[in-house]
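Coordinates from start-v9.txt are shown below (compact mmCIF, C-alpha atoms and all ligand atoms).
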```txt
# COMPACT_ATOMS: atom_id res chain seq x y z
CA MET G 14 87.75 118.26 83.97
CA ASP G 15 87.52 121.02 81.39
CA HIS G 16 91.03 120.88 79.91
CA LYS G 17 90.30 123.79 77.58
CA LYS G 18 90.50 126.22 80.47
CA ARG G 19 93.88 126.97 81.99
CA PHE G 20 94.96 126.05 85.51
CA SER G 21 93.74 128.95 87.68
CA THR G 22 90.50 129.39 85.72
CA ARG G 23 89.69 125.71 86.15
CA VAL G 24 90.43 125.76 89.86
CA ILE G 25 88.63 129.00 90.64
CA ASN G 26 85.53 128.16 88.60
CA GLU G 27 85.05 124.54 89.62
CA LYS G 28 81.35 124.30 90.57
CA PHE G 29 79.96 123.04 93.87
CA ASN G 30 78.48 119.55 93.78
CA LYS G 31 75.08 121.02 94.74
CA GLN G 32 73.97 124.65 94.40
CA ASP G 33 74.18 126.45 97.77
CA VAL G 34 70.69 127.31 99.07
CA HIS G 35 71.68 130.96 99.58
CA GLY G 36 73.80 131.23 96.44
CA ALA G 37 77.02 131.66 98.46
CA ILE G 38 79.93 132.31 96.08
CA SER G 39 82.45 130.47 98.29
CA MET G 40 81.60 127.08 99.74
CA PRO G 41 80.45 127.67 103.36
CA ILE G 42 82.12 125.83 106.22
CA TYR G 43 79.82 122.94 107.10
CA ARG G 44 80.99 122.72 110.68
CA ASN G 45 78.63 119.94 111.74
CA ALA G 46 79.23 116.30 112.63
CA ALA G 47 75.99 114.75 111.29
CA PHE G 48 73.43 115.28 108.50
CA GLU G 49 69.67 114.53 108.80
CA PHE G 50 67.34 112.88 106.31
CA PRO G 51 63.60 113.25 105.58
CA ASP G 52 62.81 109.53 105.92
CA SER G 53 64.23 106.08 106.66
CA GLU G 54 64.54 105.13 102.99
CA SER G 55 66.79 108.07 102.20
CA ILE G 56 69.04 107.64 105.26
CA ALA G 57 69.41 103.95 104.37
CA ALA G 58 70.26 104.88 100.75
CA ALA G 59 72.86 107.38 101.97
CA PHE G 60 74.47 104.76 104.23
CA GLN G 61 74.67 102.42 101.27
CA TYR G 62 76.64 105.26 99.72
CA LYS G 63 74.85 105.41 96.37
CA GLU G 64 77.28 107.56 94.45
CA ASP G 65 74.68 109.20 92.26
CA ILE G 66 72.94 110.53 95.41
CA ALA G 67 76.18 111.84 96.98
CA SER G 68 74.57 112.60 100.33
CA HIS G 69 76.67 113.18 103.39
CA THR G 70 75.95 111.30 106.61
CA TYR G 71 78.78 112.06 109.03
CA THR G 72 81.82 114.35 108.74
CA ARG G 73 84.42 111.67 109.55
CA ILE G 74 83.25 109.98 106.33
CA THR G 75 82.45 112.88 103.98
CA ASN G 76 81.59 116.57 104.34
CA PRO G 77 80.45 119.18 101.74
CA SER G 78 83.30 121.64 102.48
CA VAL G 79 85.89 118.86 102.22
CA GLU G 80 84.23 117.46 99.10
CA ASN G 81 84.43 120.92 97.50
CA LEU G 82 88.21 120.99 98.04
CA GLU G 83 88.46 117.49 96.56
CA ARG G 84 86.62 118.72 93.46
CA LYS G 85 89.04 121.66 93.07
CA ILE G 86 92.04 119.33 93.36
CA LYS G 87 90.49 117.01 90.80
CA ALA G 88 90.04 119.98 88.45
CA ALA G 89 93.65 121.07 89.08
CA SER G 90 95.28 117.67 88.61
CA GLY G 91 93.10 115.68 86.23
CA ALA G 92 93.04 112.78 88.74
CA ASP G 93 90.10 110.35 88.63
CA ASN G 94 89.49 110.50 92.37
CA VAL G 95 90.77 112.54 95.30
CA MET G 96 90.57 112.05 99.05
CA MET G 97 91.49 114.72 101.59
CA LEU G 98 92.82 113.73 105.00
CA ALA G 99 94.03 115.42 108.17
CA SER G 100 97.72 115.71 107.19
CA GLY G 101 100.33 114.75 104.63
CA MET G 102 101.39 111.90 106.93
CA ALA G 103 97.76 110.72 107.10
CA ALA G 104 97.76 110.64 103.27
CA ILE G 105 100.96 108.54 103.16
CA SER G 106 100.01 106.18 105.99
CA ASN G 107 96.43 105.63 104.73
CA THR G 108 97.79 104.84 101.26
CA PHE G 109 100.11 102.13 102.57
CA LEU G 110 97.53 100.82 105.05
CA THR G 111 95.36 100.25 101.96
CA ILE G 112 97.88 98.40 99.79
CA ALA G 113 100.45 96.77 102.11
CA TYR G 114 100.05 93.38 103.80
CA ALA G 115 102.18 91.19 106.07
CA GLY G 116 104.87 89.70 103.86
CA SER G 117 104.76 92.55 101.33
CA ASN G 118 107.55 95.04 100.74
CA ILE G 119 107.87 98.72 99.80
CA VAL G 120 110.72 99.77 97.52
CA THR G 121 111.83 103.33 98.20
CA SER G 122 114.74 105.72 98.61
CA PRO G 123 116.36 106.22 102.04
CA HIS G 124 116.17 109.94 101.21
CA LEU G 125 112.76 110.67 102.64
CA PHE G 126 111.03 113.17 104.87
CA GLY G 127 111.86 111.99 108.45
CA ASN G 128 108.35 110.83 109.44
CA THR G 129 107.89 108.96 106.16
CA PHE G 130 111.17 107.13 106.77
CA SER G 131 110.04 106.31 110.30
CA LEU G 132 106.59 105.14 109.09
CA PHE G 133 108.20 102.63 106.71
CA LYS G 134 111.16 101.57 108.82
CA PHE G 135 109.56 101.37 112.26
CA THR G 136 105.74 101.58 112.17
CA LEU G 137 104.96 99.36 109.18
CA GLU G 138 107.81 96.91 109.76
CA ALA G 139 106.14 95.98 113.06
CA PHE G 140 103.17 94.68 111.00
CA GLY G 141 105.35 92.48 108.79
CA VAL G 142 105.90 94.96 105.94
CA GLU G 143 109.50 95.13 104.76
CA VAL G 144 111.11 98.30 103.45
CA ARG G 145 113.81 98.00 100.77
CA PHE G 146 115.97 101.06 100.26
CA VAL G 147 117.37 101.72 96.81
CA ASP G 148 119.06 104.51 94.91
CA VAL G 149 116.10 105.78 92.87
CA ASN G 150 118.45 106.90 90.13
CA ASP G 151 119.77 103.38 89.67
CA ILE G 152 117.21 101.52 87.57
CA GLU G 153 119.09 98.21 87.95
CA GLU G 154 118.98 98.47 91.73
CA ILE G 155 115.21 99.10 91.56
CA THR G 156 114.81 96.15 89.19
CA SER G 157 116.55 93.77 91.56
CA ALA G 158 114.72 95.07 94.64
CA ILE G 159 111.17 94.53 93.31
CA ASP G 160 109.45 91.15 93.36
CA GLU G 161 105.95 89.67 93.36
CA ASN G 162 105.35 90.92 96.93
CA THR G 163 106.26 94.56 96.23
CA CYS G 164 103.05 96.41 97.08
CA GLY G 165 104.37 99.72 95.77
CA PHE G 166 107.34 101.80 94.71
CA PHE G 167 107.46 105.11 96.58
CA CYS G 168 109.56 108.25 96.25
CA GLU G 169 109.43 111.98 96.73
CA LEU G 170 109.27 114.03 93.54
CA ILE G 171 112.34 116.01 94.63
CA THR G 172 113.90 114.44 97.70
CA ASN G 173 113.90 116.49 100.85
CA PRO G 174 116.52 117.66 101.83
CA HIS G 175 118.83 116.09 99.19
CA LEU G 176 117.05 117.65 96.17
CA GLU G 177 117.48 114.66 93.88
CA VAL G 178 114.99 114.23 91.05
CA ALA G 179 113.91 110.67 90.25
CA ASN G 180 113.51 109.76 86.59
CA LEU G 181 109.80 109.00 86.95
CA PRO G 182 109.02 108.21 83.28
CA GLU G 183 111.85 105.63 83.21
CA ILE G 184 110.88 104.09 86.56
CA SER G 185 107.25 104.02 85.48
CA ARG G 186 108.09 101.98 82.36
CA LEU G 187 109.82 99.38 84.54
CA LEU G 188 106.99 99.29 87.10
CA LYS G 189 104.28 99.01 84.46
CA ALA G 190 106.04 95.99 82.95
CA ARG G 191 106.20 94.40 86.43
CA ASN G 192 102.66 95.46 87.53
CA ILE G 193 103.76 97.52 90.51
CA PRO G 194 102.10 100.86 91.33
CA MET G 195 104.18 104.04 91.42
CA ILE G 196 103.28 106.22 94.41
CA VAL G 197 104.88 109.65 94.53
CA ASP G 198 104.89 112.36 97.19
CA THR G 199 104.63 115.53 95.08
CA THR G 200 104.45 118.01 97.96
CA VAL G 201 107.38 120.04 96.56
CA VAL G 202 105.87 120.93 93.16
CA PRO G 203 102.08 121.43 92.85
CA TRP G 204 99.87 120.59 89.86
CA CYS G 205 100.48 123.87 88.02
CA GLY G 206 104.19 122.94 87.86
CA PHE G 207 104.09 119.18 87.35
CA ASP G 208 101.84 116.78 85.43
CA ALA G 209 101.78 113.57 87.48
CA ARG G 210 99.68 111.60 85.00
CA LYS G 211 102.10 112.34 82.16
CA ALA G 212 105.06 111.24 84.31
CA GLY G 213 103.40 107.86 84.95
CA VAL G 214 102.35 108.37 88.58
CA ASP G 215 99.55 106.01 89.66
CA ILE G 216 98.91 107.35 93.16
CA GLU G 217 99.97 110.82 94.26
CA VAL G 218 100.23 111.91 97.89
CA VAL G 219 100.57 115.54 98.94
CA SER G 220 101.05 117.43 102.18
CA THR G 221 98.52 120.21 101.53
CA THR G 222 99.94 121.93 104.62
CA LYS G 223 102.54 123.40 102.25
CA TYR G 224 101.63 125.32 99.05
CA ILE G 225 97.93 124.43 99.09
CA SER G 226 97.10 125.80 102.53
CA GLY G 227 97.77 129.31 101.25
CA GLY G 228 100.34 130.53 103.75
CA ALA G 229 100.66 127.77 106.39
CA THR G 230 97.07 128.27 107.55
CA SER G 231 96.38 124.61 108.35
CA ILE G 232 97.53 120.98 108.24
CA GLY G 233 96.16 118.66 105.54
CA GLY G 234 96.87 115.90 103.07
CA ALA G 235 95.56 114.57 99.77
CA ILE G 236 95.57 111.19 98.02
CA LEU G 237 95.00 111.28 94.26
CA ASP G 238 94.22 108.23 92.17
CA TYR G 239 94.89 108.56 88.42
CA GLY G 240 93.04 105.31 87.70
CA THR G 241 96.07 103.99 85.84
CA PHE G 242 96.92 100.90 87.89
CA ASP G 243 95.19 97.55 87.61
CA TRP G 244 94.75 96.52 91.26
CA GLN G 245 94.13 92.90 90.24
CA HIS G 246 97.91 92.68 90.62
CA ASN G 247 97.88 93.60 94.31
CA LYS G 248 97.39 90.47 96.42
CA ARG G 249 95.34 92.36 99.00
CA LEU G 250 93.15 94.35 96.63
CA GLN G 251 92.46 91.81 93.91
CA MET G 252 89.28 90.68 95.66
CA ALA G 253 88.24 94.23 96.68
CA LYS G 254 85.18 95.81 95.13
CA ARG G 255 85.37 98.53 92.48
CA THR G 256 82.63 100.72 91.04
CA GLN G 257 82.09 102.88 88.01
CA TYR G 258 83.45 105.82 90.05
CA MET G 259 86.14 104.19 92.17
CA SER G 260 89.09 101.83 91.66
CA GLN G 261 89.62 98.96 94.12
CA PHE G 262 92.22 101.19 95.80
CA MET G 263 89.84 104.14 96.30
CA PHE G 264 86.96 101.89 97.31
CA LYS G 265 89.02 100.19 100.03
CA LEU G 266 90.54 103.51 101.12
CA LYS G 267 87.27 105.45 101.32
CA ARG G 268 84.95 102.73 102.56
CA GLU G 269 87.21 100.97 105.00
CA ILE G 270 90.69 102.28 105.77
CA ALA G 271 90.18 106.05 106.06
CA ARG G 272 86.97 105.81 108.06
CA ASN G 273 88.50 103.22 110.43
CA ILE G 274 91.68 105.21 110.97
CA GLY G 275 89.62 108.39 111.38
CA ALA G 276 92.14 111.03 110.27
CA ALA G 277 89.43 113.08 108.50
CA MET G 278 90.11 116.61 107.26
CA ASP G 279 88.44 119.31 109.35
CA PRO G 280 85.85 121.38 107.38
CA GLU G 281 87.46 124.65 108.47
CA THR G 282 90.80 123.41 107.10
CA ALA G 283 89.02 122.52 103.85
CA TYR G 284 87.68 126.08 103.63
CA LEU G 285 91.16 127.61 104.17
CA GLN G 286 92.80 125.24 101.71
CA THR G 287 90.09 125.89 99.10
CA LEU G 288 91.04 129.57 99.27
CA GLY G 289 94.69 128.50 99.04
CA MET G 290 93.96 126.53 95.86
CA GLU G 291 92.57 129.66 94.19
CA SER G 292 95.83 131.61 94.59
CA LEU G 293 98.14 128.59 94.25
CA GLN G 294 99.55 129.26 90.79
CA LEU G 295 100.27 132.91 91.54
CA ARG G 296 102.14 132.11 94.75
CA PHE G 297 103.97 129.11 93.28
CA GLU G 298 105.28 131.03 90.28
CA LYS G 299 106.54 133.95 92.37
CA MET G 300 108.11 131.76 95.08
CA SER G 301 109.82 129.42 92.67
CA ALA G 302 111.16 132.29 90.51
CA SER G 303 112.67 133.86 93.64
CA THR G 304 114.13 130.47 94.60
CA HIS G 305 115.90 130.14 91.27
CA GLU G 306 117.28 133.66 91.68
CA LEU G 307 118.48 132.94 95.23
CA ALA G 308 120.05 129.63 94.14
CA LEU G 309 122.11 131.51 91.52
CA PHE G 310 122.98 134.17 94.09
CA LEU G 311 124.12 131.62 96.72
CA SER G 312 126.13 129.57 94.24
CA ASP G 313 128.12 132.72 93.41
CA ASN G 314 129.17 133.28 97.02
CA LYS G 315 132.58 131.94 98.12
CA LYS G 316 131.40 131.24 101.68
CA VAL G 317 128.80 128.81 100.37
CA ILE G 318 130.42 125.43 99.72
CA LYS G 319 127.61 123.95 97.67
CA THR G 320 124.12 125.05 96.56
CA SER G 321 121.54 122.52 95.41
CA TYR G 322 118.57 123.40 93.22
CA PRO G 323 117.63 121.13 90.29
CA LYS G 324 117.54 123.98 87.79
CA LEU G 325 121.12 125.14 88.38
CA SER G 326 123.30 124.41 85.37
CA GLY G 327 125.75 122.44 87.56
CA SER G 328 123.01 120.17 88.92
CA PRO G 329 123.02 116.54 87.75
CA TYR G 330 119.21 116.85 87.62
CA LYS G 331 119.01 119.95 85.38
CA LYS G 332 117.99 118.07 82.20
CA LEU G 333 115.40 115.93 83.96
CA SER G 334 114.09 118.92 85.88
CA ASP G 335 113.60 120.87 82.62
CA GLU G 336 111.68 117.90 81.19
CA LEU G 337 109.46 117.21 84.20
CA PHE G 338 108.67 120.64 85.54
CA ILE G 339 106.74 123.47 83.97
CA GLY G 340 108.84 126.53 84.93
CA ASN G 341 110.96 126.34 88.05
CA PRO G 342 111.22 123.22 90.23
CA GLY G 343 109.66 124.67 93.36
CA ALA G 344 110.56 126.91 96.27
CA MET G 345 113.00 124.74 98.23
CA LEU G 346 116.79 124.89 97.96
CA THR G 347 119.61 123.69 100.16
CA PHE G 348 123.15 124.89 100.70
CA ASN G 349 126.21 123.78 102.64
CA LEU G 350 128.39 126.03 104.79
CA LYS G 351 131.79 125.11 106.31
CA ASP G 352 130.41 123.21 109.31
CA LYS G 353 127.50 122.92 111.74
CA GLU G 354 128.72 125.90 113.81
CA SER G 355 128.78 128.13 110.69
CA CYS G 356 125.20 127.03 109.94
CA TYR G 357 124.04 127.93 113.45
CA ARG G 358 125.89 131.30 113.37
CA PHE G 359 124.38 132.11 109.98
CA MET G 360 120.85 131.18 111.05
CA ASP G 361 121.11 133.21 114.25
CA LYS G 362 122.01 136.37 112.30
CA LEU G 363 119.03 136.27 109.93
CA GLN G 364 116.54 139.09 110.35
CA ILE G 365 113.88 138.41 107.70
CA ILE G 366 114.13 134.68 107.06
CA ARG G 367 112.53 132.80 109.96
CA ARG G 368 114.03 129.87 111.83
CA ALA G 369 111.16 127.41 111.50
CA THR G 370 110.24 124.05 110.07
CA ASN G 371 107.59 123.71 107.31
CA LEU G 372 107.79 124.48 103.61
CA PHE G 373 106.15 126.94 101.20
CA ASP G 374 104.72 129.36 103.72
CA ASN G 375 104.34 132.95 102.45
CA LYS G 376 107.26 133.65 104.79
CA SER G 377 110.76 132.39 104.01
CA LEU G 378 111.82 129.66 106.44
CA ILE G 379 115.20 128.17 107.21
CA ILE G 380 116.09 124.99 109.08
CA HIS G 381 119.14 122.90 109.95
CA PRO G 382 117.67 119.45 109.15
CA GLU G 383 120.32 117.33 110.90
CA SER G 384 119.60 118.76 114.36
CA THR G 385 115.82 119.15 113.95
CA ILE G 386 113.80 116.98 111.52
CA TYR G 387 116.41 114.20 111.79
CA GLY G 388 117.53 115.14 115.34
CA THR G 389 116.06 112.10 117.08
CA PHE G 390 117.41 109.51 114.61
CA SER G 391 120.46 107.47 115.70
CA PRO G 392 123.84 108.22 114.03
CA GLU G 393 123.44 104.91 112.18
CA MET G 394 120.04 105.92 110.72
CA LYS G 395 121.41 109.35 109.79
CA MET G 396 124.15 107.54 107.84
CA ILE G 397 121.54 105.48 105.97
CA MET G 398 119.67 108.69 105.16
CA ASP G 399 122.87 110.61 104.22
CA ILE G 400 122.06 113.54 106.47
CA GLU G 401 124.84 116.14 106.47
CA ASP G 402 125.41 118.40 109.48
CA ASN G 403 126.64 121.39 107.44
CA LEU G 404 123.46 121.63 105.31
CA LEU G 405 120.70 124.24 105.57
CA ARG G 406 117.28 124.03 103.91
CA LEU G 407 115.62 127.23 102.75
CA SER G 408 111.96 127.50 101.79
CA VAL G 409 111.51 130.73 99.87
CA GLY G 410 108.40 132.83 100.54
CA LEU G 411 106.74 135.82 98.94
CA GLU G 412 108.96 138.59 100.34
CA ASP G 413 110.81 140.81 97.87
CA VAL G 414 113.77 138.78 96.62
CA GLU G 415 116.19 141.73 97.00
CA ASP G 416 115.39 141.90 100.73
CA LEU G 417 116.03 138.17 101.02
CA LYS G 418 119.41 138.55 99.29
CA ASN G 419 120.36 141.39 101.65
CA ASP G 420 119.36 139.31 104.66
CA ILE G 421 121.51 136.39 103.45
CA ILE G 422 124.51 138.63 102.72
CA GLN G 423 124.49 140.36 106.09
CA ALA G 424 124.22 136.97 107.86
CA LEU G 425 127.01 135.39 105.79
CA ASN G 426 129.29 138.35 106.49
C1 LIG O 501 107.82 115.96 101.42
C2 LIG O 501 106.91 115.89 102.61
N1 LIG O 501 105.97 114.94 102.65
C3 LIG O 501 105.13 114.82 103.70
C4 LIG O 501 105.21 115.67 104.78
C5 LIG O 501 104.25 115.51 105.91
O1 LIG O 501 103.23 116.44 105.84
P1 LIG O 501 102.33 116.90 107.08
O2 LIG O 501 103.22 117.68 108.00
O3 LIG O 501 101.23 117.68 106.46
O4 LIG O 501 101.86 115.65 107.75
C6 LIG O 501 106.18 116.68 104.79
C7 LIG O 501 106.27 117.62 105.91
O5 LIG O 501 107.13 118.45 106.02
C8 LIG O 501 107.05 116.79 103.66
O6 LIG O 501 108.01 117.73 103.63
```

Can you turn what I pasted into structure tokens?
Amino acid sequence: MDHKKRFSTRVINEKFNKQDVHGAISMPIYRNAAFEFPDSESIAAAFQYKEDIASHTYTRITNPSVENLERKIKAASGADNVMMLASGMAAISNTFLTIAYAGSNIVTSPHLFGNTFSLFKFTLEAFGVEVRFVDVNDIEEITSAIDENTCGFFCELITNPHLEVANLPEISRLLKARNIPMIVDTTVVPWCGFDARKAGVDIEVVSTTKYISGGATSIGGAILDYGTFDWQHNKRLQMAKRTQYMSQFMFKLKREIARNIGAAMDPETAYLQTLGMESLQLRFEKMSASTHELALFLSDNKKVIKTSYPKLSGSPYKKLSDELFIGNPGAMLTFNLKDKESCYRFMDKLQIIRRATNLFDNKSLIIHPESTIYGTFSPEMKMIMDIEDNLLRLSVGLEDVEDLKNDIIQALN
């Protein structure tokens, strides 16, 4: 990566792997399943996946449009290796299918996106993988939860919907001393606002459905490997192959797990998300500045019981947020009203902000997490996850912030 150039310049000017035959200025959508070869020697070489040849054979395995997006994300993040998949959940599940084994455990917070919680608690537990929930702000609790069978520590950069910020540099020091990889879901703050390598992240997972897709155009996910973990310490990967270009983790993921699971990114999605990458910084800065303004606005209103946004001066995460994030900590905030009925009444009166799930669309979106994302969890599981029924989550879009304030005021009144 050319670090001398700034974020958007790097992303926009990242070159194709091979010059397009027509000189197309944007990578075309290679909407084909298979690629042909001039002779048997070259198809055999491609199947042996000689990295210096970088030929594509079949789109479930690699594809030029998808590879181009991977190159842009590499330029944006400074990661050693990137793999795109069909969704954020595909990125998280493929990561753990690569490193977990029967008898291993995952140490994580109970404050997780609903499907991630369900993946750990229900899907992976059925294969003999244990999940250990800890308070990620309690370093002693993390220390006692990890052991020689911990295949990874996992958390969300800012928990959703609780908006807690984990002290990643501190956790990373502990994990490095105990040879455990730190895997972080950074969906809520993209690379122009957060430097994962500096914070000690080994593996980063992202739902590219959010900021990257450029306005909720498509579903996608990314796995980024910073090349910082020695996989000799993972019981499953210590015998796995590595190459000059790929760690044991990436080798196993790309050559075995991802192609067997088959959740490949669609080339058309890669095209849309490549365009999204080019305007990412511009959208992120505007959305997150409006979010900070709305957080201040909501916290001033008597009808709002509590507003959470890590940059607010009353937030217990303000100091950490200022250290970890470049600018504002993203475009998601939450707030509590009197009760569930008040939340429903408020949502039903909104005229600009849409009632929808998803995050970081160009449109502002509101949701009542307890009755939707967490709606099918039992009361007992909701207790474990600390889901409140008077909480609303707002994802702030690109509309004029004054119009958003007016919409909120008329709905609160
Ligand atoms: C923090 C976080 N991680 C992962 C996901 C899953 O992403 P996807 O819907 O692309 O599978 C979501 C979805 O909302 C999310 O909010």

Neighbours of ligand LIG 501 (chain O) within 10 Å, counting all atoms listed in the file, as a PDB file with C-alpha atoms, keeping the file's coordinate frame?
```
ATOM      1  CA  LEU G  98      92.820 113.730 105.000  1.00  0.00           C
ATOM      2  CA  ALA G  99      94.030 115.420 108.170  1.00  0.00           C
ATOM      3  CA  SER G 100      97.720 115.710 107.190  1.00  0.00           C
ATOM      4  CA  GLY G 101     100.330 114.750 104.630  1.00  0.00           C
ATOM      5  CA  MET G 102     101.390 111.900 106.930  1.00  0.00           C
ATOM      6  CA  ALA G 103      97.760 110.720 107.100  1.00  0.00           C
ATOM      7  CA  ALA G 104      97.760 110.640 103.270  1.00  0.00           C
ATOM      8  CA  ILE G 105     100.960 108.540 103.160  1.00  0.00           C
ATOM      9  CA  SER G 106     100.010 106.180 105.990  1.00  0.00           C
ATOM     10  CA  LEU G 125     112.760 110.670 102.640  1.00  0.00           C
ATOM     11  CA  PHE G 126     111.030 113.170 104.870  1.00  0.00           C
ATOM     12  CA  GLY G 127     111.860 111.990 108.450  1.00  0.00           C
ATOM     13  CA  ASN G 128     108.350 110.830 109.440  1.00  0.00           C
ATOM     14  CA  THR G 129     107.890 108.960 106.160  1.00  0.00           C
ATOM     15  CA  CYS G 168     109.560 108.250  96.250  1.00  0.00           C
ATOM     16  CA  GLU G 169     109.430 111.980  96.730  1.00  0.00           C
ATOM     17  CA  LEU G 170     109.270 114.030  93.540  1.00  0.00           C
ATOM     18  CA  ILE G 171     112.340 116.010  94.630  1.00  0.00           C
ATOM     19  CA  THR G 172     113.900 114.440  97.700  1.00  0.00           C
ATOM     20  CA  ASN G 173     113.900 116.490 100.850  1.00  0.00           C
ATOM     21  CA  PRO G 174     116.520 117.660 101.830  1.00  0.00           C
ATOM     22  CA  VAL G 197     104.880 109.650  94.530  1.00  0.00           C
ATOM     23  CA  ASP G 198     104.890 112.360  97.190  1.00  0.00           C
ATOM     24  CA  THR G 199     104.630 115.530  95.080  1.00  0.00           C
ATOM     25  CA  THR G 200     104.450 118.010  97.960  1.00  0.00           C
ATOM     26  CA  VAL G 201     107.380 120.040  96.560  1.00  0.00           C
ATOM     27  CA  VAL G 202     105.870 120.930  93.160  1.00  0.00           C
ATOM     28  CA  VAL G 218     100.230 111.910  97.890  1.00  0.00           C
ATOM     29  CA  VAL G 219     100.570 115.540  98.940  1.00  0.00           C
ATOM     30  CA  SER G 220     101.050 117.430 102.180  1.00  0.00           C
ATOM     31  CA  THR G 221      98.520 120.210 101.530  1.00  0.00           C
ATOM     32  CA  THR G 222      99.940 121.930 104.620  1.00  0.00           C
ATOM     33  CA  LYS G 223     102.540 123.400 102.250  1.00  0.00           C
ATOM     34  CA  SER G 226      97.100 125.800 102.530  1.00  0.00           C
ATOM     35  CA  SER G 231      96.380 124.610 108.350  1.00  0.00           C
ATOM     36  CA  ILE G 232      97.530 120.980 108.240  1.00  0.00           C
ATOM     37  CA  GLY G 233      96.160 118.660 105.540  1.00  0.00           C
ATOM     38  CA  GLY G 234      96.870 115.900 103.070  1.00  0.00           C
ATOM     39  CA  ALA G 235      95.560 114.570  99.770  1.00  0.00           C
ATOM     40  CA  THR G 370     110.240 124.050 110.070  1.00  0.00           C
ATOM     41  CA  ASN G 371     107.590 123.710 107.310  1.00  0.00           C
ATOM     42  CA  LEU G 372     107.790 124.480 103.610  1.00  0.00           C
ATOM     43  CA  PHE G 373     106.150 126.940 101.200  1.00  0.00           C
ATOM     44  CA  ILE G 386     113.800 116.980 111.520  1.00  0.00           C
TER      45      ILE G 386
END
```

Axis-aligned box for all listed atoms of segment 367-375 of chain G, 4 Å per side, centre and edges in Å to one decimal, as JSON:
```
{"center_x": 109.2, "center_y": 128.3, "center_z": 106.5, "size_x": 17.7, "size_y": 17.2, "size_z": 18.6}
```

Inset, instruction - Do a neighbour search on Thr304 of chain G at 8 Å with all atoms listed in the file, toss out local chain neighbours closer than 3 positions, and write the hits as a VMD selection string. - result: chain G and resid 300 to 301 307 to 308 343 to 346 409

Long-range neighbours of Asn94 of chain G as a CSV table (one decimal) with C-alpha atoms, in the frame of the given file, 9 Å cut-off, only C-alpha atoms, 3 positions minimum in chain:
```
chain,number,residue,atom,x,y,z
G,83,GLU,CA,88.5,117.5,96.6
G,84,ARG,CA,86.6,118.7,93.5
G,87,LYS,CA,90.5,117.0,90.8
G,91,GLY,CA,93.1,115.7,86.2
G,236,ILE,CA,95.6,111.2,98.0
G,237,LEU,CA,95.0,111.3,94.3
G,238,ASP,CA,94.2,108.2,92.2
G,239,TYR,CA,94.9,108.6,88.4
G,240,GLY,CA,93.0,105.3,87.7
G,258,TYR,CA,83.4,105.8,90.0
G,259,MET,CA,86.1,104.2,92.2
G,260,SER,CA,89.1,101.8,91.7
G,263,MET,CA,89.8,104.1,96.3
```

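Atom CA of Ser408 of chain G is found 8.3 Å from atom CA of Lys376 of chain G.
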
- [ ] Excluding Glu298 of chain G and residues on its chain fewer than 4 positions from it, collect all residues at most 8 Å away from it, counting only C-alpha atoms, and give them as a count of residues only.
- [x] 4

Fill in: Protein/DNA/RNA residues near (103.9, 96.5, 92.6), cut 8 Å, all atoms listed in the file, as a ChimeraX atom specification
/G:159-166,188,191-195,246-247

Take the residues just selected and output them with C-alpha atoms as a PDB file, in the frame of the given file.
```
ATOM      1  CA  ILE G 159     111.170  94.530  93.310  1.00  0.00           C
ATOM      2  CA  ASP G 160     109.450  91.150  93.360  1.00  0.00           C
ATOM      3  CA  GLU G 161     105.950  89.670  93.360  1.00  0.00           C
ATOM      4  CA  ASN G 162     105.350  90.920  96.930  1.00  0.00           C
ATOM      5  CA  THR G 163     106.260  94.560  96.230  1.00  0.00           C
ATOM      6  CA  CYS G 164     103.050  96.410  97.080  1.00  0.00           C
ATOM      7  CA  GLY G 165     104.370  99.720  95.770  1.00  0.00           C
ATOM      8  CA  PHE G 166     107.340 101.800  94.710  1.00  0.00           C
ATOM      9  CA  LEU G 188     106.990  99.290  87.100  1.00  0.00           C
ATOM     10  CA  ARG G 191     106.200  94.400  86.430  1.00  0.00           C
ATOM     11  CA  ASN G 192     102.660  95.460  87.530  1.00  0.00           C
ATOM     12  CA  ILE G 193     103.760  97.520  90.510  1.00  0.00           C
ATOM     13  CA  PRO G 194     102.100 100.860  91.330  1.00  0.00           C
ATOM     14  CA  MET G 195     104.180 104.040  91.420  1.00  0.00           C
ATOM     15  CA  HIS G 246      97.910  92.680  90.620  1.00  0.00           C
ATOM     16  CA  ASN G 247      97.880  93.600  94.310  1.00  0.00           C
TER      17      ASN G 247
END
```

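Going from atom CA of Glu217 of chain G over to atom CA of Ser68 of chain G, you cover 26.2 Å.
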
Could you get me a file of segment 396-408 of chain G with C-alpha atoms, as a PDB file, in the first residue's frame, taken from the block above?
```pdb
ATOM      1  CA  MET G 396     -31.585 -11.041  29.833  1.00  0.00           C
ATOM      2  CA  ILE G 397     -28.137 -12.467  29.005  1.00  0.00           C
ATOM      3  CA  MET G 398     -27.845  -9.955  26.165  1.00  0.00           C
ATOM      4  CA  ASP G 399     -29.192  -7.038  28.283  1.00  0.00           C
ATOM      5  CA  ILE G 400     -31.758  -6.040  25.692  1.00  0.00           C
ATOM      6  CA  GLU G 401     -33.949  -3.162  26.900  1.00  0.00           C
ATOM      7  CA  ASP G 402     -37.497  -2.727  25.595  1.00  0.00           C
ATOM      8  CA  ASN G 403     -37.475   1.088  25.821  1.00  0.00           C
ATOM      9  CA  LEU G 404     -34.429   1.511  23.543  1.00  0.00           C
ATOM     10  CA  LEU G 405     -34.392   2.741  19.942  1.00  0.00           C
ATOM     11  CA  ARG G 406     -31.448   2.496  17.533  1.00  0.00           C
ATOM     12  CA  LEU G 407     -30.947   5.235  14.973  1.00  0.00           C
ATOM     13  CA  SER G 408     -28.659   4.948  11.966  1.00  0.00           C
TER      14      SER G 408
END
```
